[in-house]
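With PDB, C-alpha atoms inside, this is entry.pdb:
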ATOM      1  CA  MET A  21      46.250-102.732 108.487
ATOM      2  CA  THR A  22      43.095-104.884 108.638
ATOM      3  CA  GLU A  23      40.029-102.786 109.339
ATOM      4  CA  ARG A  24      37.378-103.775 111.837
ATOM      5  CA  THR A  25      34.167-101.827 111.457
ATOM      6  CA  SER A  26      31.289-100.853 113.688
ATOM      7  CA  GLY A  27      28.033 -99.116 112.918
ATOM      8  CA  ILE A  28      28.352 -96.741 115.858
ATOM      9  CA  ARG A  29      28.735 -93.128 114.792
ATOM     10  CA  PRO A  30      31.770 -91.200 116.076
ATOM     11  CA  ARG A  31      31.184 -88.958 119.078
ATOM     12  CA  ALA A  32      32.154 -85.312 119.287
ATOM     13  CA  ILE A  33      35.007 -84.880 121.763
ATOM     14  CA  ARG A  34      35.422 -81.715 123.793
ATOM     15  CA  GLN A  35      38.854 -80.399 124.719
ATOM     16  CA  THR A  36      39.631 -79.060 128.200
ATOM     17  CA  GLY A  37      42.668 -78.033 130.200
ATOM     18  CA  THR A  38      44.447 -79.737 133.099
ATOM     19  CA  ALA A  39      44.268 -76.909 135.618
ATOM     20  CA  VAL A  40      41.623 -78.464 137.889
ATOM     21  CA  VAL A  41      43.198 -81.874 138.327
ATOM     22  CA  THR A  42      46.710 -80.460 138.610
ATOM     23  CA  ALA A  43      45.738 -77.997 141.315
ATOM     24  CA  GLY A  44      43.694 -80.571 143.228
ATOM     25  CA  LEU A  45      46.414 -83.144 143.643
ATOM     26  CA  ALA A  46      49.136 -80.538 143.977
ATOM     27  CA  LEU A  47      47.360 -79.367 147.145
ATOM     28  CA  LEU A  48      47.152 -82.934 148.407
ATOM     29  CA  LEU A  49      50.818 -83.632 147.784
ATOM     30  CA  ALA A  50      51.767 -80.357 149.457
ATOM     31  CA  GLY A  51      50.293 -81.748 152.662
ATOM     32  CA  CYS A  52      52.881 -84.549 152.828
ATOM     33  CA  THR A  53      55.911 -84.468 155.075
ATOM     34  CA  PRO A  54      58.968 -84.740 152.792
ATOM     35  CA  GLY A  55      60.411 -88.233 152.753
ATOM     36  CA  THR A  56      57.396 -89.905 154.367
ATOM     37  CA  ASP A  57      54.119 -91.451 153.314
ATOM     38  CA  ALA A  58      50.892 -89.814 154.475
ATOM     39  CA  PRO A  59      48.268 -92.570 154.422
ATOM     40  CA  ALA A  60      44.610 -91.702 154.153
ATOM     41  CA  THR A  61      42.861 -92.143 157.472
ATOM     42  CA  ALA A  62      39.366 -92.964 156.276
ATOM     43  CA  THR A  63      38.418 -96.648 156.209
ATOM     44  CA  ALA A  64      37.184 -97.768 152.810
ATOM     45  CA  PRO A  65      34.198-100.151 152.764
ATOM     46  CA  ALA A  66      34.871-103.856 152.411
ATOM     47  CA  THR A  67      33.693-103.887 148.807
ATOM     48  CA  ALA A  68      36.185-101.164 147.980
ATOM     49  CA  ALA A  69      38.988-103.099 149.644
ATOM     50  CA  ALA A  70      38.160-106.140 147.547
ATOM     51  CA  ALA A  71      38.060-104.066 144.367
ATOM     52  CA  PHE A  72      41.391-102.454 145.058
ATOM     53  CA  GLU A  73      43.133-105.807 145.308
ATOM     54  CA  HIS A  74      43.456-105.686 141.521
ATOM     55  CA  ILE A  75      43.569-102.402 139.596
ATOM     56  CA  HIS A  76      43.783-102.483 135.812
ATOM     57  CA  GLY A  77      44.003 -98.770 135.091
ATOM     58  CA  LEU A  78      44.246 -95.323 136.663
ATOM     59  CA  GLY A  79      43.419 -91.930 135.222
ATOM     60  CA  ALA A  80      42.526 -88.347 136.073
ATOM     61  CA  ASP A  81      39.800 -86.187 134.528
ATOM     62  CA  PRO A  82      41.329 -82.787 133.683
ATOM     63  CA  SER A  83      37.949 -81.039 133.736
ATOM     64  CA  THR A  84      36.855 -82.111 137.244
ATOM     65  CA  GLY A  85      40.035 -83.089 139.058
ATOM     66  CA  GLN A  86      38.610 -86.487 139.948
ATOM     67  CA  THR A  87      40.819 -89.569 139.816
ATOM     68  CA  TYR A  88      39.459 -92.925 138.667
ATOM     69  CA  ALA A  89      40.494 -96.536 139.150
ATOM     70  CA  GLY A  90      39.302 -99.302 136.848
ATOM     71  CA  THR A  91      39.118-102.565 138.797
ATOM     72  CA  HIS A  92      37.649-106.070 138.823
ATOM     73  CA  GLU A  93      34.721-104.599 140.756
ATOM     74  CA  GLY A  94      33.871-101.627 138.590
ATOM     75  CA  VAL A  95      35.148 -98.073 138.295
ATOM     76  CA  TRP A  96      35.833 -96.169 141.515
ATOM     77  CA  VAL A  97      36.282 -92.446 142.155
ATOM     78  CA  ILE A  98      39.170 -91.072 144.197
ATOM     79  CA  PRO A  99      38.105 -87.424 144.692
ATOM     80  CA  THR A 100      41.397 -85.560 144.419
ATOM     81  CA  GLY A 101      39.850 -82.418 142.940
ATOM     82  CA  ALA A 102      38.367 -80.763 146.031
ATOM     83  CA  LEU A 103      40.148 -81.906 149.182
ATOM     84  CA  PRO A 104      39.274 -80.088 152.435
ATOM     85  CA  ASP A 105      41.877 -78.177 154.415
ATOM     86  CA  SER A 106      41.328 -80.539 157.351
ATOM     87  CA  TYR A 107      42.558 -83.454 155.265
ATOM     88  CA  LEU A 108      45.632 -81.571 154.177
ATOM     89  CA  ALA A 109      46.387 -81.031 157.849
ATOM     90  CA  GLY A 110      46.236 -84.762 158.466
ATOM     91  CA  ALA A 111      42.681 -85.050 159.787
ATOM     92  CA  PRO A 112      40.269 -87.717 158.501
ATOM     93  CA  ARG A 113      38.573 -87.169 155.200
ATOM     94  CA  SER A 114      35.037 -85.847 155.214
ATOM     95  CA  SER A 115      32.221 -87.918 153.751
ATOM     96  CA  ALA A 116      32.332 -85.700 150.671
ATOM     97  CA  THR A 117      35.776 -86.972 149.808
ATOM     98  CA  ALA A 118      35.380 -90.650 150.745
ATOM     99  CA  LEU A 119      36.216 -93.287 148.168
ATOM    100  CA  THR A 120      33.081 -94.225 146.242
ATOM    101  CA  ARG A 121      32.149 -96.586 143.467
ATOM    102  CA  THR A 122      30.572 -94.765 140.562
ATOM    103  CA  GLU A 123      26.842 -95.020 139.996
ATOM    104  CA  GLY A 124      27.152 -96.874 136.719
ATOM    105  CA  PRO A 125      27.012-100.623 136.122
ATOM    106  CA  VAL A 126      29.627-102.801 137.771
ATOM    107  CA  PHE A 127      31.891-104.572 135.302
ATOM    108  CA  ASP A 128      35.366-106.034 135.184
ATOM    109  CA  ALA A 129      37.341-103.124 133.693
ATOM    110  CA  MET A 130      40.237-105.035 132.170
ATOM    111  CA  GLY A 131      41.255-101.956 130.178
ATOM    112  CA  PHE A 132      40.650 -98.404 131.414
ATOM    113  CA  THR A 133      41.825 -94.898 130.588
ATOM    114  CA  VAL A 134      40.698 -91.289 130.832
ATOM    115  CA  ALA A 135      40.981 -89.437 127.525
ATOM    116  CA  PRO A 136      42.409 -85.885 127.470
ATOM    117  CA  SER A 137      38.840 -84.636 127.011
ATOM    118  CA  GLY A 138      37.713 -86.314 130.253
ATOM    119  CA  LEU A 139      35.831 -89.071 128.425
ATOM    120  CA  LEU A 140      36.189 -92.401 130.253
ATOM    121  CA  LEU A 141      37.040 -95.407 128.087
ATOM    122  CA  ALA A 142      36.966 -99.016 129.211
ATOM    123  CA  SER A 143      36.818-102.625 128.111
ATOM    124  CA  GLY A 144      36.510-105.984 129.831
ATOM    125  CA  HIS A 145      33.580-108.145 130.876
ATOM    126  CA  PRO A 146      30.083-107.388 132.255
ATOM    127  CA  ASP A 147      28.983-108.662 135.643
ATOM    128  CA  PRO A 148      26.807-111.708 134.870
ATOM    129  CA  GLU A 149      24.793-111.147 138.061
ATOM    130  CA  GLN A 150      23.924-107.520 137.330
ATOM    131  CA  LYS A 151      21.372-106.356 134.792
ATOM    132  CA  SER A 152      22.697-103.640 132.484
ATOM    133  CA  ASP A 153      22.801-102.620 128.843
ATOM    134  CA  LEU A 154      26.387-103.879 128.606
ATOM    135  CA  THR A 155      26.527-107.206 126.794
ATOM    136  CA  GLY A 156      29.164-109.914 126.952
ATOM    137  CA  PRO A 157      31.145-111.969 127.097
ATOM    138  CA  ASN A 158      33.489-109.150 126.034
ATOM    139  CA  LEU A 159      32.529-105.492 126.269
ATOM    140  CA  GLY A 160      34.504-104.234 123.286
ATOM    141  CA  LEU A 161      34.905-100.486 123.820
ATOM    142  CA  VAL A 162      32.542 -98.672 126.184
ATOM    143  CA  SER A 163      32.589 -95.000 127.168
ATOM    144  CA  SER A 164      31.162 -92.660 129.768
ATOM    145  CA  ALA A 165      30.766 -88.897 129.433
ATOM    146  CA  ASP A 166      29.214 -88.394 132.878
ATOM    147  CA  SER A 167      31.834 -89.560 135.379
ATOM    148  CA  ALA A 168      30.926 -93.244 134.974
ATOM    149  CA  ALA A 169      27.287 -92.799 135.977
ATOM    150  CA  ASN A 170      26.302 -94.257 132.606
ATOM    151  CA  TRP A 171      28.222 -96.335 130.088
ATOM    152  CA  ALA A 172      27.479 -96.732 126.392
ATOM    153  CA  SER A 173      28.737 -99.358 123.990
ATOM    154  CA  VAL A 174      30.892 -97.745 121.310
ATOM    155  CA  SER A 175      32.043-100.717 119.226
ATOM    156  CA  LEU A 176      33.108-104.389 119.144
ATOM    157  CA  ALA A 177      30.508-105.413 121.751
ATOM    158  CA  GLY A 178      30.685-109.136 122.447
ATOM    159  CA  GLN A 179      33.885-109.470 120.426
ATOM    160  CA  THR A 180      36.919-107.838 121.997
ATOM    161  CA  ASP A 181      38.478-107.648 125.459
ATOM    162  CA  PHE A 182      41.042-104.848 125.439
ATOM    163  CA  HIS A 183      43.505-105.349 128.278
ATOM    164  CA  ASP A 184      44.994-101.893 127.785
ATOM    165  CA  LEU A 185      43.717 -98.618 126.351
ATOM    166  CA  ASP A 186      45.109 -95.159 125.665
ATOM    167  CA  ALA A 187      43.836 -92.183 123.684
ATOM    168  CA  VAL A 188      45.251 -89.003 122.155
ATOM    169  CA  PRO A 189      43.539 -86.197 120.207
ATOM    170  CA  LEU A 190      44.006 -85.837 116.451
ATOM    171  CA  ALA A 191      44.128 -82.571 114.525
ATOM    172  CA  SER A 192      40.605 -83.337 113.276
ATOM    173  CA  GLY A 193      39.269 -83.188 116.842
ATOM    174  CA  ALA A 194      38.597 -86.918 116.971
ATOM    175  CA  LEU A 195      40.328 -89.289 119.349
ATOM    176  CA  ARG A 196      42.900 -91.813 118.210
ATOM    177  CA  ILE A 197      42.423 -94.777 120.528
ATOM    178  CA  PHE A 198      44.953 -97.564 120.953
ATOM    179  CA  GLY A 199      43.785-100.862 122.401
ATOM    180  CA  TYR A 200      45.598-104.105 123.119
ATOM    181  CA  ASP A 201      43.516-107.122 122.139
ATOM    182  CA  ALA A 202      44.777-109.764 124.543
ATOM    183  CA  ALA A 203      43.067-112.644 122.717
ATOM    184  CA  ASP A 204      45.133-112.347 119.547
ATOM    185  CA  GLY A 205      48.010-110.235 120.857
ATOM    186  CA  THR A 206      47.495-107.319 118.492
ATOM    187  CA  VAL A 207      47.408-103.570 118.829
ATOM    188  CA  ALA A 208      44.138-102.158 117.483
ATOM    189  CA  VAL A 209      43.848 -98.516 116.403
ATOM    190  CA  SER A 210      40.812 -96.294 115.890
ATOM    191  CA  ASP A 211      40.939 -92.790 114.389
ATOM    192  CA  ASP A 212      37.248 -91.991 114.852
ATOM    193  CA  ASP A 213      36.635 -92.096 118.609
ATOM    194  CA  GLY A 214      36.460 -95.890 118.634
ATOM    195  CA  ALA A 215      33.749 -96.332 115.991
ATOM    196  CA  THR A 216      35.935 -98.361 113.598
ATOM    197  CA  TRP A 217      39.222-100.154 114.162
ATOM    198  CA  ALA A 218      42.278-101.314 112.238
ATOM    199  CA  SER A 219      44.703-104.045 113.321
ATOM    200  CA  GLY A 220      48.302-103.026 113.914
ATOM    201  CA  ALA A 221      51.360-104.895 115.130
ATOM    202  CA  THR A 222      51.251-108.286 116.800
ATOM    203  CA  LEU A 223      53.393-108.460 119.929
ATOM    204  CA  ALA A 224      53.188-109.552 123.545
ATOM    205  CA  LEU A 225      53.008-106.387 125.636
ATOM    206  CA  ARG A 226      52.112-105.343 129.167
ATOM    207  CA  ASP A 227      51.435-101.616 128.807
ATOM    208  CA  LEU A 228      50.696 -99.064 126.070
ATOM    209  CA  ALA A 229      51.297 -95.306 126.249
ATOM    210  CA  ALA A 230      50.431 -92.896 123.441
ATOM    211  CA  ASP A 231      52.219 -89.576 122.958
ATOM    212  CA  PRO A 232      49.784 -86.622 123.008
ATOM    213  CA  ALA A 233      52.343 -84.451 121.176
ATOM    214  CA  ASN A 234      52.685 -86.993 118.347
ATOM    215  CA  PRO A 235      49.607 -89.192 117.770
ATOM    216  CA  ASP A 236      51.636 -91.507 115.521
ATOM    217  CA  ARG A 237      53.945 -92.436 118.402
ATOM    218  CA  VAL A 238      53.015 -95.086 120.923
ATOM    219  CA  PHE A 239      55.203 -96.939 123.414
ATOM    220  CA  ALA A 240      54.886-100.497 124.711
ATOM    221  CA  THR A 241      56.526-102.545 127.439
ATOM    222  CA  THR A 242      57.546-106.088 126.490
ATOM    223  CA  ALA A 243      59.589-108.913 128.015
ATOM    224  CA  ASP A 244      62.514-107.774 125.858
ATOM    225  CA  GLY A 245      62.301-104.162 127.012
ATOM    226  CA  PRO A 246      60.372-101.066 125.922
ATOM    227  CA  ALA A 247      59.495-100.633 122.252
ATOM    228  CA  VAL A 248      58.268 -97.652 120.238
ATOM    229  CA  SER A 249      56.104 -97.242 117.169
ATOM    230  CA  ASP A 250      56.207 -94.123 114.987
ATOM    231  CA  ASP A 251      53.554 -95.345 112.550
ATOM    232  CA  ALA A 252      50.494 -95.470 114.811
ATOM    233  CA  GLY A 253      51.086 -98.984 116.082
ATOM    234  CA  ARG A 254      51.711-100.742 112.765
ATOM    235  CA  THR A 255      55.285-101.698 113.681
ATOM    236  CA  PHE A 256      57.387-101.481 116.849
ATOM    237  CA  THR A 257      61.148-101.072 117.282
ATOM    238  CA  PRO A 258      63.053-101.922 120.483
ATOM    239  CA  MET A 259      64.286 -98.896 122.430
ATOM    240  CA  THR A 260      68.044 -99.156 122.902
ATOM    241  CA  ASP A 261      69.704 -98.529 126.268
ATOM    242  CA  ALA A 262      66.365 -98.579 128.089
ATOM    243  CA  PRO A 263      65.730-100.405 131.366
ATOM    244  CA  THR A 264      63.307-103.317 131.452
ATOM    245  CA  LEU A 265      59.989-101.705 132.314
ATOM    246  CA  VAL A 266      56.664-103.196 133.331
ATOM    247  CA  LEU A 267      54.683 -99.963 132.950
ATOM    248  CA  ILE A 268      55.373 -96.800 130.976
ATOM    249  CA  ASP A 269      53.756 -93.413 130.375
ATOM    250  CA  VAL A 270      54.514 -90.228 128.459
ATOM    251  CA  VAL A 271      55.527 -87.010 130.224
ATOM    252  CA  ASP A 272      53.679 -84.167 128.487
ATOM    253  CA  ALA A 273      55.397 -81.118 127.033
ATOM    254  CA  ALA A 274      54.152 -78.845 129.829
ATOM    255  CA  ALA A 275      56.047 -81.036 132.298
ATOM    256  CA  GLY A 276      59.211 -81.116 130.191
ATOM    257  CA  GLY A 277      58.524 -84.111 127.944
ATOM    258  CA  GLY A 278      60.100 -87.549 128.000
ATOM    259  CA  LEU A 279      58.957 -90.811 129.559
ATOM    260  CA  VAL A 280      58.447 -92.318 132.993
ATOM    261  CA  GLY A 281      58.326 -96.010 133.784
ATOM    262  CA  VAL A 282      58.678 -98.601 136.505
ATOM    263  CA  ASP A 283      60.652-101.855 136.430
ATOM    264  CA  PRO A 284      59.685-105.235 137.970
ATOM    265  CA  ASP A 285      61.396-104.296 141.250
ATOM    266  CA  GLY A 286      59.320-101.121 141.612
ATOM    267  CA  GLN A 287      62.186 -98.796 140.642
ATOM    268  CA  LEU A 288      60.963 -95.706 138.805
ATOM    269  CA  TRP A 289      62.890 -94.468 135.775
ATOM    270  CA  HIS A 290      62.660 -91.180 133.908
ATOM    271  CA  GLN A 291      63.865 -90.286 130.435
ATOM    272  CA  ALA A 292      63.948 -86.504 130.152
ATOM    273  CA  ALA A 293      64.141 -86.341 126.339
ATOM    274  CA  ALA A 294      63.705 -88.639 123.351
ATOM    275  CA  ALA A 295      66.706 -90.966 122.895
ATOM    276  CA  GLY A 296      68.298 -89.471 126.003
ATOM    277  CA  PRO A 297      69.674 -91.398 128.982
ATOM    278  CA  TRP A 298      67.372 -93.004 131.530
ATOM    279  CA  ALA A 299      67.804 -91.945 135.150
ATOM    280  CA  ARG A 300      66.729 -93.740 138.318
ATOM    281  CA  ASP A 301      64.092 -91.961 140.353
ATOM    282  CA  GLY A 302      62.101 -93.038 143.387
ATOM    283  CA  GLN A 303      60.833 -96.438 144.469
ATOM    284  CA  ALA A 304      57.361 -97.962 144.519
ATOM    285  CA  ASP A 305      56.353-100.622 147.037
ATOM    286  CA  GLY A 306      56.552-103.801 145.010
ATOM    287  CA  THR A 307      55.667-104.030 141.326
ATOM    288  CA  PRO A 308      52.807-101.599 140.582
ATOM    289  CA  GLU A 309      49.719-102.885 138.792
ATOM    290  CA  ALA A 310      49.017 -99.527 137.152
ATOM    291  CA  LEU A 311      50.869 -96.280 136.447
ATOM    292  CA  ASN A 312      49.562 -92.972 135.110
ATOM    293  CA  PHE A 313      51.334 -89.663 134.519
ATOM    294  CA  VAL A 314      49.173 -86.567 135.002
ATOM    295  CA  GLY A 315      50.778 -83.615 133.259
ATOM    296  CA  GLY A 316      50.557 -79.857 133.410
ATOM    297  CA  SER A 317      52.530 -77.189 135.212
ATOM    298  CA  SER A 318      52.448 -79.213 138.469
ATOM    299  CA  PRO A 319      52.751 -82.821 137.237
ATOM    300  CA  TRP A 320      52.352 -85.924 139.343
ATOM    301  CA  ILE A 321      52.281 -89.707 139.073
ATOM    302  CA  LEU A 322      49.533 -92.119 140.065
ATOM    303  CA  ALA A 323      50.399 -95.723 140.853
ATOM    304  CA  ALA A 324      48.766 -98.801 142.337
ATOM    305  CA  ASP A 325      51.234-100.769 144.449
ATOM    306  CA  GLN A 326      51.184-102.821 147.650
ATOM    307  CA  ARG A 327      50.173 -99.756 149.688
ATOM    308  CA  GLY A 328      47.080 -99.079 147.554
ATOM    309  CA  VAL A 329      46.624 -96.125 145.205
ATOM    310  CA  VAL A 330      49.510 -93.714 145.706
ATOM    311  CA  ALA A 331      50.608 -90.390 144.210
ATOM    312  CA  SER A 332      53.917 -88.574 143.876
ATOM    313  CA  ASP A 333      54.943 -85.167 142.548
ATOM    314  CA  ASP A 334      58.693 -85.936 142.569
ATOM    315  CA  TYR A 335      58.920 -89.083 140.433
ATOM    316  CA  GLY A 336      58.464 -91.458 143.327
ATOM    317  CA  ARG A 337      60.921 -90.059 145.852
ATOM    318  CA  THR A 338      58.020 -89.342 148.211
ATOM    319  CA  TRP A 339      54.492 -90.700 148.045
ATOM    320  CA  THR A 340      51.031 -89.931 149.341
ATOM    321  CA  VAL A 341      48.686 -92.887 149.919
ATOM    322  CA  LEU A 342      45.340 -91.881 148.462
ATOM    323  CA  VAL A 343      43.559 -95.182 149.083
ATOM    324  CA  PRO A 344      45.167 -97.768 151.370
ATOM    325  CA  SER A 345      45.124-101.406 150.388
ATOM    326  CA  ARG A 346      43.158-103.921 152.418
ATOM    327  CA  ALA A 347      46.421-105.223 153.861
TER
END

Taking this structure as input, can you express it in the form of structure tokens?
Amino acid sequence: MTERTSGIRPRAIRQTGTAVVTAGLALLLAGCTPGTDAPATATAPATAAAAFEHIHGLGADPSTGQTYAGTHEGVWVIPTGALPDSYLAGAPRSSATALTRTEGPVFDAMGFTVAPSGLLLASGHPDPEQKSDLTGPNLGLVSSADSAANWASVSLAGQTDFHDLDAVPLASGALRIFGYDAADGTVAVSDDDGATWASGATLALRDLAADPANPDRVFATTADGPAVSDDAGRTFTPMTDAPTLVLIDVVDAAAGGGLVGVDPDGQLWHQAAAAGPWARDGQADGTPEALNFVGGSSPWILAADQRGVVASDDYGRTWTVLVPSRA
């Protein structure tokens, strides 16, 4: 693997549980009528509607319960961690739970993920009309440890535009970060919180998903079907008997393990165990732009489809609309 270096020192990563975020959205989903969608009743501002036309990544912070969306118009907070009882009963959201853009600089978050520690990781392009410490034309890897109020350059500033990111903890306590460099079609891997990088396999992919139970394993969706790497992204092998998937994510051990994905028609699929059969699950509305599995004892799925940002605790059989689309 070819190493790419950066002078940025690795950051210490804290480890937290998933109880807050699991409980927060579990309460929200419990307020849905089975078999129906329960759209949010608050009206998002026009800028939010524009941002949510194109979502590049979704993630949940296990320490706060907040949900984040990385978009063309910055990073937005969907406060799923502390929903009022009135909302669960179907009443409008209070101002405390309205959709808000984070206080940090606005940038085009082409790649976005929330690490298991709650650290936010992103890539993309800075807003040329906004003054900030983020330099372009490509952001490289940037991170936020304060809910996106501030962003710091970690590495590859001005060089790399990661179109997809995922992160898993290593036994050392550092993060292994996988990034897809769209310019040269390679998977890049960092084992020191993003400070230095090595080049892995070259392939055309749409989505990456790392396995938190096995940091050497990472999945990718390609035009020829899903593929898997068991050597930290150096090589990929096609997954046999798998449906064609646009997006994929790993189901954590607490939720039973396996994989979840969605095909171009919006059909959700679930593989309960490695090398096991794939089963059809629920249905999204159109082809989702983003998919994220949030694990724990009460797992759920986040997706961005034609309805907006939606969530499901039964693999897509029923959905809750967290943020409606402009349409």

Ground truth for the PyMOL selection byres ((chain A and resi 244) around 12), written as a PyMOL selection string: chain A and resi 223-226+240-243+245-247+257-266

Best match for closeness to Asp227 (chain A) among A:Ser318, A:Asn312, A:Thr255, A:Thr84, counting only C-alpha atoms: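 Of A:Ser318, A:Asn312, A:Thr255, A:Thr84, the one nearest Asp227 (chain A) is A:Asn312, counting only C-alpha atoms.
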
Pairwise distance for CA of Phe182 (chain A) and CA of Ala273 (chain A), rounded to one decimal in Å: 27.8 Å

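Taking only C-alpha atoms into account, Trp171 (chain A) lies nearest to A:Ala129 out of the set A:Ala80, A:Ala229, A:Ala129, A:Val270.
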
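Interatomic distance, CA of Gly131 (chain A) to CA of Leu185 (chain A): 5.6 Å.
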
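Distances from A:Pro99, A:Gly316, A:Pro136, A:Pro308 to Pro284 (chain A) were compared using all atoms listed in the file, and the smallest one belongs to A:Pro308.
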
Which residue of A:Leu279, A:Leu176, A:Ile321, A:Ala203 approaches Ala295 (chain A) most closely, using all atoms listed in the file: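 Distance minimum relative to Ala295 (chain A) lands on A:Leu279.
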
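Here, the PyMOL selection byres ((chain A and resi 286) around 7) matches Val282, Asp283, Pro284, Asp285, Gln287, Leu288, Gln303, Ala304, Asp305, Gly306, Thr307 and Pro308 of chain A.
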
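In terms of minimum interatomic distance to Ser175 (chain A), A:Gly214 ranks closest within A:Gly276, A:Gly214, A:Gly138, A:Pro189, counting all atoms listed in the file.
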
Shortest interatomic distance to Ile75 (chain A) - which of A:Leu267, A:Val126, A:Leu311, A:Ala135, counting all atoms listed in the file: A:Leu311

Computed interatomic separation between CA of Ser210 (chain A) and CA of Ala233 (chain A) (Å): 17.4 Å

Neighbours of point (29.4, -93.2, 137.6) within 12 Å, using all atoms listed in the file, written as number ranges by chain: A: 86, 88-90, 94-98, 120-127, 139-140, 163-172

Nearby residues (only C-alpha atoms) at most 6 Å from Gly315 (chain A), same-chain spacing under 3 positions excluded, as a list in words: Asp272, Ala275 and Pro319 of chain A

Selection under test: the PyMOL selection byres ((chain A and resi 196-202) around 10); residues as a ChimeraX atom specification: /A:131-132,135,141-143,160-161,180-190,193-195,203-215,217-230,232,235-236,238,252-253

Calculate, to one decimal in Å, the centre and edge lengths of the box along x, y and z of the file that holds all listed atoms of region 162-171 of chain A with 6 Å of margin on each side, and present them as JSON.
{"center_x": 29.4, "center_y": -93.5, "center_z": 131.1, "size_x": 18.3, "size_y": 22.3, "size_z": 21.8}
